[in-house]
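Novice: Input entry.txt, format and content: compact mmCIF, C-alpha atoms.
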# COMPACT_ATOMS: atom_id res chain seq x y z
CA MET A 170 19.33 47.28 -22.73
CA THR A 171 19.90 48.33 -19.12
CA GLY A 172 21.61 51.54 -18.01
CA LYS A 173 24.96 51.93 -16.34
CA LYS A 174 24.96 50.24 -12.98
CA ILE A 175 27.27 49.21 -10.13
CA ASP A 176 26.09 46.19 -8.12
CA PHE A 177 28.05 46.33 -4.87
CA TYR A 178 28.43 43.05 -2.93
CA LEU A 179 29.66 43.83 0.57
CA ASP A 180 30.03 42.56 4.11
CA VAL A 181 30.51 44.78 7.14
CA VAL A 182 33.35 42.51 8.33
CA SER A 183 35.40 43.39 5.23
CA LEU A 184 37.86 46.26 5.79
CA TYR A 185 38.03 47.04 2.10
CA SER A 186 34.24 47.05 1.89
CA TYR A 187 34.43 49.73 4.58
CA PHE A 188 36.76 51.84 2.46
CA ALA A 189 34.81 51.21 -0.75
CA PHE A 190 31.46 51.97 0.85
CA PHE A 191 32.47 55.41 2.05
CA TYR A 192 34.26 56.20 -1.20
CA LEU A 193 31.19 55.38 -3.29
CA LEU A 194 28.89 57.13 -0.83
CA GLU A 195 31.01 60.25 -1.23
CA HIS A 196 30.73 60.00 -5.02
CA LYS A 197 27.09 58.89 -5.16
CA GLU A 198 25.68 62.16 -6.48
CA LEU A 199 28.45 62.53 -9.04
CA LEU A 200 27.85 58.98 -10.28
CA ALA A 201 24.13 59.68 -10.52
CA SER A 202 24.87 62.78 -12.60
CA HIS A 203 26.61 60.46 -15.07
CA GLY A 204 23.59 58.17 -15.15
CA VAL A 205 25.15 55.43 -13.01
CA GLU A 206 22.83 53.51 -10.70
CA MET A 207 24.19 51.73 -7.63
CA GLU A 208 22.67 48.86 -5.67
CA TYR A 209 23.92 47.24 -2.45
CA HIS A 210 23.84 43.47 -2.03
CA PRO A 211 24.60 42.12 1.48
CA VAL A 212 26.61 38.88 1.37
CA PHE A 213 28.35 36.65 3.90
CA LEU A 214 32.07 37.00 3.26
CA GLY A 215 32.86 33.83 5.21
CA GLY A 216 30.72 31.83 2.80
CA ILE A 217 32.35 33.41 -0.24
CA MET A 218 35.84 32.73 1.08
CA GLN A 219 35.08 29.11 1.90
CA SER A 220 33.22 28.37 -1.33
CA SER A 221 35.82 30.03 -3.56
CA GLY A 222 38.79 28.45 -1.79
CA ASN A 223 40.16 31.84 -0.70
CA GLN A 224 41.85 32.37 2.66
CA PRO A 225 41.67 35.41 4.99
CA PRO A 226 44.82 37.32 6.00
CA TRP A 227 44.99 35.76 9.47
CA LYS A 228 45.37 32.30 7.90
CA LEU A 229 48.13 33.33 5.48
CA PRO A 230 51.13 34.88 7.33
CA ALA A 231 52.59 36.60 4.25
CA ARG A 232 49.24 38.10 3.33
CA GLY A 233 48.66 39.19 6.90
CA ALA A 234 52.03 40.95 7.00
CA TYR A 235 51.29 42.83 3.79
CA TYR A 236 47.83 43.68 5.09
CA ASN A 237 49.46 45.79 7.82
CA PHE A 238 51.21 47.95 5.21
CA ASP A 239 48.26 48.14 2.84
CA GLY A 240 45.78 49.07 5.54
CA LYS A 241 47.86 52.10 6.56
CA ARG A 242 48.16 53.18 2.94
CA ALA A 243 44.40 52.85 2.49
CA MET A 244 43.75 54.95 5.60
CA LYS A 245 45.86 57.73 4.11
CA ALA A 246 44.31 57.42 0.65
CA PHE A 247 40.70 57.39 1.86
CA GLY A 248 41.14 59.75 4.81
CA ARG A 249 39.68 57.29 7.31
CA LYS A 250 41.13 55.73 10.43
CA TYR A 251 40.27 52.20 11.45
CA LYS A 252 41.17 49.84 14.27
CA VAL A 253 41.30 46.06 14.21
CA ALA A 254 39.33 45.01 17.27
CA SER A 255 40.71 42.44 19.70
CA PHE A 256 37.72 40.13 18.99
CA PHE A 257 38.33 40.18 15.22
CA PRO A 258 37.39 38.28 13.12
CA LEU A 259 33.76 38.28 14.08
CA ASN A 260 30.77 36.39 12.74
CA SER A 261 28.89 38.89 10.56
CA LEU A 262 25.77 36.77 9.97
CA LEU A 263 23.53 38.79 12.29
CA ALA A 264 24.58 42.07 10.70
CA GLN A 265 24.34 40.85 7.12
CA ARG A 266 21.01 39.08 7.60
CA SER A 267 19.69 42.27 9.14
CA MET A 268 20.90 44.24 6.14
CA VAL A 269 19.00 41.89 3.83
CA TYR A 270 15.83 42.68 5.77
CA ILE A 271 16.58 46.41 5.90
CA LYS A 272 17.14 46.52 2.15
CA SER A 273 13.66 45.13 1.48
CA HIS A 274 11.73 46.79 4.32
CA HIS A 275 13.65 50.03 4.92
CA PRO A 276 15.45 50.67 1.60
CA ASP A 277 15.89 54.38 2.29
CA GLN A 278 17.92 53.52 5.39
CA ILE A 279 20.40 51.04 3.94
CA GLU A 280 23.19 53.60 3.55
CA ALA A 281 22.59 55.13 6.96
CA THR A 282 22.64 51.67 8.51
CA TYR A 283 25.82 50.56 6.77
CA THR A 284 27.39 53.87 7.82
CA ALA A 285 26.51 53.15 11.45
CA LEU A 286 27.68 49.52 11.29
CA PHE A 287 30.99 50.24 9.55
CA ASN A 288 31.76 53.08 11.95
CA ALA A 289 30.87 50.96 14.95
CA LEU A 290 33.01 47.97 13.94
CA TRP A 291 36.01 49.62 12.30
CA GLU A 292 36.28 52.85 14.28
CA ARG A 293 34.76 52.13 17.70
CA GLU A 294 35.52 48.39 17.92
CA VAL A 295 31.92 47.36 18.64
CA ASP A 296 31.31 43.61 18.44
CA LEU A 297 28.37 43.44 16.03
CA SER A 298 27.95 39.70 16.60
CA GLU A 299 26.61 40.47 20.09
CA PRO A 300 22.84 41.08 19.77
CA GLU A 301 22.68 43.71 22.52
CA LEU A 302 25.58 45.72 21.09
CA PHE A 303 24.24 45.30 17.59
CA SER A 304 20.84 46.55 18.72
CA GLU A 305 22.46 49.66 20.19
CA VAL A 306 24.03 50.47 16.84
CA LEU A 307 20.75 49.87 15.00
CA ARG A 308 19.07 52.35 17.34
CA GLU A 309 21.36 55.04 15.94
CA VAL A 310 19.20 54.79 12.81
CA PHE A 311 15.94 53.13 13.88
CA SER A 312 13.53 53.29 16.78
CA ALA A 313 13.91 50.70 19.52
CA SER A 314 10.85 48.81 18.25
CA ASP A 315 12.14 48.78 14.67
CA ALA A 316 15.56 47.58 15.82
CA GLU A 317 13.90 44.74 17.71
CA ALA A 318 11.85 43.81 14.64
CA ILE A 319 14.96 43.82 12.43
CA ILE A 320 16.84 41.47 14.74
CA ALA A 321 13.84 39.18 14.99
CA ALA A 322 13.55 39.07 11.20
CA ALA A 323 17.24 38.26 10.87
CA LYS A 324 16.56 35.00 12.73
CA THR A 325 13.88 33.80 10.31
CA ASP A 326 14.45 31.11 7.71
CA GLU A 327 13.33 33.47 4.95
CA ILE A 328 16.04 36.05 5.64
CA LYS A 329 18.68 33.39 6.25
CA THR A 330 17.85 31.87 2.86
CA ARG A 331 17.96 35.22 1.10
CA LEU A 332 21.42 36.03 2.45
CA ASN A 333 22.59 32.56 1.46
CA ASN A 334 21.17 33.10 -2.03
CA ASN A 335 22.95 36.46 -2.34
CA THR A 336 26.20 34.85 -1.27
CA THR A 337 25.87 31.87 -3.58
CA HIS A 338 25.01 34.12 -6.52
CA ALA A 339 28.09 36.26 -5.83
CA TRP A 340 30.64 33.45 -5.84
CA LYS A 341 28.95 30.92 -8.12
CA ASP A 342 27.50 33.18 -10.82
CA LEU A 343 29.64 36.31 -10.58
CA GLY A 344 33.00 34.79 -9.66
CA ALA A 345 33.41 36.53 -6.31
CA TYR A 346 36.26 35.34 -4.12
CA GLY A 347 36.22 38.19 -1.60
CA ALA A 348 34.63 41.54 -0.78
CA PRO A 349 34.01 44.16 -1.88
CA TRP A 350 32.94 42.62 -5.18
CA PHE A 351 31.38 44.68 -7.93
CA TRP A 352 29.39 43.62 -10.96
CA VAL A 353 29.33 46.55 -13.33
CA SER A 354 27.13 47.13 -16.39
CA ASP A 355 28.31 49.67 -18.96
CA GLY A 356 24.85 50.44 -20.34
CA LYS A 357 25.78 48.97 -23.72
CA GLY A 358 25.17 45.33 -22.91
CA LYS A 359 28.58 44.53 -21.44
CA GLU A 360 29.17 43.46 -17.83
CA GLU A 361 32.39 42.84 -15.91
CA PRO A 362 33.50 42.12 -12.33
CA PHE A 363 35.76 44.35 -10.26
CA PHE A 364 37.33 43.52 -6.90
CA GLY A 365 38.64 45.62 -4.03
CA SER A 366 38.68 49.29 -3.11
CA ASP A 367 41.40 50.49 -5.50
CA ARG A 368 40.12 49.67 -9.00
CA TRP A 369 38.19 52.87 -9.53
CA ALA A 370 40.13 54.04 -12.60
CA TYR A 371 39.44 50.68 -14.26
CA MET A 372 35.78 50.92 -13.33
CA TRP A 373 35.35 54.51 -14.55
CA ASP A 374 37.07 53.60 -17.81
CA PHE A 375 34.75 50.63 -18.29
CA LEU A 376 31.73 52.84 -17.62
CA GLY A 377 33.00 55.50 -20.02
CA LEU A 378 33.14 58.17 -17.30
CA PRO A 379 35.50 61.17 -17.34
CA TYR A 380 38.21 60.87 -14.71
CA GLU A 381 41.76 61.96 -13.97
CA PRO A 382 44.18 59.02 -14.03
CA VAL A 383 47.05 58.86 -11.58
CA LYS A 384 50.29 59.88 -13.21
CA LEU A 385 53.80 60.63 -12.05
CA LEU A 386 54.75 64.31 -12.35
CA PRO A 387 58.21 65.72 -13.16
CA LYS A 388 60.33 67.04 -10.35
CA LEU A 389 59.90 70.77 -9.77
Will you turn the file into structure tokens for me?
Specialist:
Amino acid sequence: MTGKKIDFYLDVVSLYSYFAFFYLLEHKELLASHGVEMEYHPVFLGGIMQSSGNQPPWKLPARGAYYNFDGKRAMKAFGRKYKVASFFPLNSLLAQRSMVYIKSHHPDQIEATYTALFNALWEREVDLSEPELFSEVLREVFSASDAEAIIAAAKTDEIKTRLNNNTTHAWKDLGAYGAPWFWVSDGKGKEEPFFGSDRWAYMWDFLGLPYEPVKLLPKL
């Protein structure tokens, strides 16, 4: 029997992966104190969307309109400010392939790298699909030579295949239709999926963790 674990499938191009990442990073030590392990799995959101039949907000007018409201609410809830860049949506393959390589070759830097990438894209409007700009962001975490090696590795068939395998596993085996997608093990042999950046109460309940549920209070 395995312990309690959160497998986090994410893509830097996903706004709600951005919110979820920083939320879980903030609670990482607390989760560890409850015996909950967390693992990051880079995936290509475009592949998940296409394979699952889902559509992004910019292709569904009603969803896009709601997205404007929900994004502002999420900013307030998570205490983060984001901007949708003029070049959005961008192709995240370079970033996500690089994260696959970083996870295997620089595992201690995966959180620092995702922090740099999310901040660059969602707060500074840096186009991470441009190799030169992407390299600049990588150099916030790595040396210039390491950044060059990471980008070179991201172009290899091995890394391309591994990202594709991660993506296929997420939608085909775990039912993912978007990101962030979570596959959570309760430590008692039961596993369930969770989607989005606002299902924390459901997740904590499934994991048997103590938490304070949201409730409406009487008027003072």
Novice: Have a look at A:Leu389, A:Phe191, A:Gly356, A:Asp239 and name the one nearest to Leu286 (chain A); count all atoms listed in the file.
Specialist: A:Phe191
Novice: Excluding Glu361 (chain A) and any residue of its chain fewer than 4 positions from it, enumerate the residues within 8 Å of it, using all atoms listed in the file, and give them as a PDB file with C-alpha atoms, in the frame of the given file.
Specialist:
ATOM      1  CA  TRP A 352      29.390  43.620 -10.960  1.00  0.00           C
ATOM      2  CA  VAL A 353      29.330  46.550 -13.330  1.00  0.00           C
ATOM      3  CA  SER A 354      27.130  47.130 -16.390  1.00  0.00           C
TER       4      SER A 354
END
Novice: Show which residues sit within 10 Å of Phe363 (chain A), as number ranges by chain. Count only C-alpha atoms, and ignore same-chain residues fewer than 2 positions away.
Specialist: A: 175, 177, 344-345, 348-353, 361, 365-369, 371-372
Novice: Wanna dump the region 291-328 of chain A-region 262-266 of chain A contacts at 12 Å for me, each residue with its shortest atom pair and the distance in Å to one decimal, counting all atoms listed in the file, ordered by chain and number, as a tab-separated table?
Specialist:
residue	atom	partner	partner_atom	distance
A:Asp296	CA	A:Ala264	CA	10.4
A:Leu297	CA	A:Ala264	CA	6.7
A:Ser298	CA	A:Leu263	CA	6.2
A:Glu299	CA	A:Leu263	CA	8.6
A:Pro300	CA	A:Leu263	CA	7.9
A:Glu301	CA	A:Leu263	CA	11.4
A:Leu302	CA	A:Ala264	CA	11.1
A:Phe303	CA	A:Ala264	CA	7.6
A:Ser304	CA	A:Ala264	CA	9.9
A:Val306	CA	A:Ala264	CA	10.4
A:Leu307	CA	A:Ala264	CA	9.7
A:Ala316	CA	A:Ala264	CA	11.7
A:Ile319	CA	A:Arg266	CA	9.1
A:Ile320	CA	A:Leu263	CA	7.6
A:Ala321	CA	A:Leu263	CA	10.1
A:Ala322	CA	A:Arg266	CA	8.3
A:Ala323	CA	A:Arg266	CA	5.1
A:Lys324	CA	A:Arg266	CA	7.9
A:Thr325	CA	A:Arg266	CA	9.3
A:Asp326	CA	A:Arg266	CA	10.3
A:Glu327	CA	A:Arg266	CA	9.9
A:Ile328	CA	A:Arg266	CA	6.1
Novice: What's around Asn333 (chain A) at 12 Å? Count only C-alpha atoms, leave out sequence neighbours fewer than 3 positions away in its own chain, and write the answer as a PyMOL selection string.
Specialist: chain A and resi 210-217+220+262+265-266+269+326-330+336-341
Novice: Dump C-alpha atoms for the selected residues as a short mmCIF file (atom, residue, chain, number, x, y, z; two decimals), keeping the file's coordinate frame?
Specialist:
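Result went into again27.cif, see below:
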data_model
loop_
_atom_site.label_atom_id
_atom_site.label_comp_id
_atom_site.auth_asym_id
_atom_site.auth_seq_id
_atom_site.Cartn_x
_atom_site.Cartn_y
_atom_site.Cartn_z
CA HIS A 210 23.84 43.47 -2.03
CA PRO A 211 24.60 42.12 1.48
CA VAL A 212 26.61 38.88 1.37
CA PHE A 213 28.35 36.65 3.90
CA LEU A 214 32.07 37.00 3.26
CA GLY A 215 32.86 33.83 5.21
CA GLY A 216 30.72 31.83 2.80
CA ILE A 217 32.35 33.41 -0.24
CA SER A 220 33.22 28.37 -1.33
CA LEU A 262 25.77 36.77 9.97
CA GLN A 265 24.34 40.85 7.12
CA ARG A 266 21.01 39.08 7.60
CA VAL A 269 19.00 41.89 3.83
CA ASP A 326 14.45 31.11 7.71
CA GLU A 327 13.33 33.47 4.95
CA ILE A 328 16.04 36.05 5.64
CA LYS A 329 18.68 33.39 6.25
CA THR A 330 17.85 31.87 2.86
CA THR A 336 26.20 34.85 -1.27
CA THR A 337 25.87 31.87 -3.58
CA HIS A 338 25.01 34.12 -6.52
CA ALA A 339 28.09 36.26 -5.83
CA TRP A 340 30.64 33.45 -5.84
CA LYS A 341 28.95 30.92 -8.12
#
Novice: Find, counting only C-alpha atoms, the residue in A:Asp180, A:Glu305, A:Pro230, A:Met244 that gets nearest to Leu259 (chain A).
Specialist: A:Asp180
Novice: Might you pull out every residue within 9 Å of Thr284 (chain A), with all atoms listed in the file counted and same-chain residues fewer than 4 positions away left off, and present them as a PyMOL selection string?
Specialist: chain A and resi 187+190-191+279-280+288-289
Novice: Based on the selection just made, write C-alpha atoms of those residues as an mmCIF file, keeping the file's coordinate frame.
Specialist:
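Result file is selection_24.cif:
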data_model
loop_
_atom_site.group_PDB
_atom_site.id
_atom_site.type_symbol
_atom_site.label_atom_id
_atom_site.label_comp_id
_atom_site.auth_asym_id
_atom_site.auth_seq_id
_atom_site.Cartn_x
_atom_site.Cartn_y
_atom_site.Cartn_z
ATOM 1 C CA TYR A 187 34.430 49.730 4.580
ATOM 2 C CA PHE A 190 31.460 51.970 0.850
ATOM 3 C CA PHE A 191 32.470 55.410 2.050
ATOM 4 C CA ILE A 279 20.400 51.040 3.940
ATOM 5 C CA GLU A 280 23.190 53.600 3.550
ATOM 6 C CA ASN A 288 31.760 53.080 11.950
ATOM 7 C CA ALA A 289 30.870 50.960 14.950
#
Novice: Atoms are missing here; could region 218-229 of chain A be completed with all heavy atoms and written as a PDB file, in the frame of the given file?
Specialist:
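Contents of out12.pdb, freshly written:
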ATOM      1  N   MET A 218      34.439  33.169   0.920  1.00  0.00           N
ATOM      2  CA  MET A 218      35.840  32.730   1.080  1.00  0.00           C
ATOM      3  C   MET A 218      35.916  31.204   1.051  1.00  0.00           C
ATOM      4  O   MET A 218      36.742  30.614   0.336  1.00  0.00           O
ATOM      5  CB  MET A 218      36.407  33.265   2.386  1.00  0.00           C
ATOM      6  CG  MET A 218      36.467  34.776   2.475  1.00  0.00           C
ATOM      7  SD  MET A 218      37.747  35.533   1.451  1.00  0.00           S
ATOM      8  CE  MET A 218      39.180  35.290   2.482  1.00  0.00           C
ATOM      9  N   GLN A 219      35.056  30.562   1.817  1.00  0.00           N
ATOM     10  CA  GLN A 219      35.080  29.110   1.900  1.00  0.00           C
ATOM     11  C   GLN A 219      34.715  28.471   0.562  1.00  0.00           C
ATOM     12  O   GLN A 219      35.387  27.529   0.107  1.00  0.00           O
ATOM     13  CB  GLN A 219      34.120  28.625   2.981  1.00  0.00           C
ATOM     14  CG  GLN A 219      34.136  27.116   3.180  1.00  0.00           C
ATOM     15  CD  GLN A 219      33.229  26.668   4.311  1.00  0.00           C
ATOM     16  OE1 GLN A 219      32.446  27.450   4.845  1.00  0.00           O
ATOM     17  NE2 GLN A 219      33.329  25.411   4.694  1.00  0.00           N
ATOM     18  N   SER A 220      33.694  28.981  -0.083  1.00  0.00           N
ATOM     19  CA  SER A 220      33.220  28.370  -1.330  1.00  0.00           C
ATOM     20  C   SER A 220      34.189  28.594  -2.487  1.00  0.00           C
ATOM     21  O   SER A 220      34.300  27.750  -3.383  1.00  0.00           O
ATOM     22  CB  SER A 220      31.841  28.936  -1.691  1.00  0.00           C
ATOM     23  OG  SER A 220      30.894  28.623  -0.697  1.00  0.00           O
ATOM     24  N   SER A 221      34.890  29.721  -2.477  1.00  0.00           N
ATOM     25  CA  SER A 221      35.820  30.030  -3.560  1.00  0.00           C
ATOM     26  C   SER A 221      37.212  29.459  -3.330  1.00  0.00           C
ATOM     27  O   SER A 221      38.048  29.487  -4.234  1.00  0.00           O
ATOM     28  CB  SER A 221      35.911  31.543  -3.755  1.00  0.00           C
ATOM     29  OG  SER A 221      36.531  32.149  -2.632  1.00  0.00           O
ATOM     30  N   GLY A 222      37.469  28.972  -2.112  1.00  0.00           N
ATOM     31  CA  GLY A 222      38.790  28.450  -1.790  1.00  0.00           C
ATOM     32  C   GLY A 222      39.779  29.513  -1.364  1.00  0.00           C
ATOM     33  O   GLY A 222      40.979  29.249  -1.203  1.00  0.00           O
ATOM     34  N   ASN A 223      39.294  30.739  -1.144  1.00  0.00           N
ATOM     35  CA  ASN A 223      40.160  31.840  -0.700  1.00  0.00           C
ATOM     36  C   ASN A 223      40.445  31.704   0.792  1.00  0.00           C
ATOM     37  O   ASN A 223      39.739  30.976   1.509  1.00  0.00           O
ATOM     38  CB  ASN A 223      39.479  33.172  -1.011  1.00  0.00           C
ATOM     39  CG  ASN A 223      40.455  34.336  -1.016  1.00  0.00           C
ATOM     40  OD1 ASN A 223      41.650  34.166  -0.749  1.00  0.00           O
ATOM     41  ND2 ASN A 223      39.951  35.508  -1.333  1.00  0.00           N
ATOM     42  N   GLN A 224      41.475  32.405   1.253  1.00  0.00           N
ATOM     43  CA  GLN A 224      41.850  32.370   2.660  1.00  0.00           C
ATOM     44  C   GLN A 224      41.995  33.794   3.185  1.00  0.00           C
ATOM     45  O   GLN A 224      42.545  34.661   2.496  1.00  0.00           O
ATOM     46  CB  GLN A 224      43.185  31.629   2.844  1.00  0.00           C
ATOM     47  CG  GLN A 224      43.143  30.155   2.524  1.00  0.00           C
ATOM     48  CD  GLN A 224      42.368  29.361   3.563  1.00  0.00           C
ATOM     49  OE1 GLN A 224      42.381  29.698   4.734  1.00  0.00           O
ATOM     50  NE2 GLN A 224      41.691  28.317   3.126  1.00  0.00           N
ATOM     51  N   PRO A 225      41.538  34.066   4.407  1.00  0.00           N
ATOM     52  CA  PRO A 225      41.670  35.410   4.990  1.00  0.00           C
ATOM     53  C   PRO A 225      43.103  35.682   5.427  1.00  0.00           C
ATOM     54  O   PRO A 225      43.907  34.747   5.575  1.00  0.00           O
ATOM     55  CB  PRO A 225      40.721  35.346   6.197  1.00  0.00           C
ATOM     56  CG  PRO A 225      40.702  33.898   6.575  1.00  0.00           C
ATOM     57  CD  PRO A 225      40.813  33.131   5.285  1.00  0.00           C
ATOM     58  N   PRO A 226      43.452  36.958   5.637  1.00  0.00           N
ATOM     59  CA  PRO A 226      44.820  37.320   6.000  1.00  0.00           C
ATOM     60  C   PRO A 226      45.369  36.621   7.236  1.00  0.00           C
ATOM     61  O   PRO A 226      46.554  36.308   7.299  1.00  0.00           O
ATOM     62  CB  PRO A 226      44.741  38.835   6.210  1.00  0.00           C
ATOM     63  CG  PRO A 226      43.579  39.263   5.383  1.00  0.00           C
ATOM     64  CD  PRO A 226      42.597  38.137   5.466  1.00  0.00           C
ATOM     65  N   TRP A 227      44.496  36.360   8.229  1.00  0.00           N
ATOM     66  CA  TRP A 227      44.990  35.760   9.470  1.00  0.00           C
ATOM     67  C   TRP A 227      45.349  34.283   9.303  1.00  0.00           C
ATOM     68  O   TRP A 227      45.923  33.686  10.195  1.00  0.00           O
ATOM     69  CB  TRP A 227      43.994  35.952  10.603  1.00  0.00           C
ATOM     70  CG  TRP A 227      42.604  35.489  10.306  1.00  0.00           C
ATOM     71  CD1 TRP A 227      42.080  34.244  10.488  1.00  0.00           C
ATOM     72  CD2 TRP A 227      41.540  36.289   9.760  1.00  0.00           C
ATOM     73  NE1 TRP A 227      40.772  34.206  10.095  1.00  0.00           N
ATOM     74  CE2 TRP A 227      40.409  35.432   9.648  1.00  0.00           C
ATOM     75  CE3 TRP A 227      41.438  37.624   9.373  1.00  0.00           C
ATOM     76  CZ2 TRP A 227      39.196  35.900   9.152  1.00  0.00           C
ATOM     77  CZ3 TRP A 227      40.232  38.071   8.874  1.00  0.00           C
ATOM     78  CH2 TRP A 227      39.135  37.220   8.770  1.00  0.00           C
ATOM     79  N   LYS A 228      45.001  33.690   8.160  1.00  0.00           N
ATOM     80  CA  LYS A 228      45.370  32.300   7.900  1.00  0.00           C
ATOM     81  C   LYS A 228      46.566  32.188   6.956  1.00  0.00           C
ATOM     82  O   LYS A 228      47.079  31.085   6.736  1.00  0.00           O
ATOM     83  CB  LYS A 228      44.182  31.537   7.326  1.00  0.00           C
ATOM     84  CG  LYS A 228      43.069  31.294   8.332  1.00  0.00           C
ATOM     85  CD  LYS A 228      42.012  30.349   7.777  1.00  0.00           C
ATOM     86  CE  LYS A 228      40.950  30.031   8.819  1.00  0.00           C
ATOM     87  NZ  LYS A 228      39.931  29.082   8.310  1.00  0.00           N
ATOM     88  N   LEU A 229      46.992  33.312   6.398  1.00  0.00           N
ATOM     89  CA  LEU A 229      48.130  33.330   5.480  1.00  0.00           C
ATOM     90  C   LEU A 229      49.125  34.375   6.004  1.00  0.00           C
ATOM     91  O   LEU A 229      48.928  35.581   5.806  1.00  0.00           O
ATOM     92  CB  LEU A 229      47.688  33.683   4.061  1.00  0.00           C
ATOM     93  CG  LEU A 229      46.730  32.706   3.379  1.00  0.00           C
ATOM     94  CD1 LEU A 229      46.247  33.280   2.049  1.00  0.00           C
ATOM     95  CD2 LEU A 229      47.407  31.356   3.157  1.00  0.00           C
TER      96      LEU A 229
END
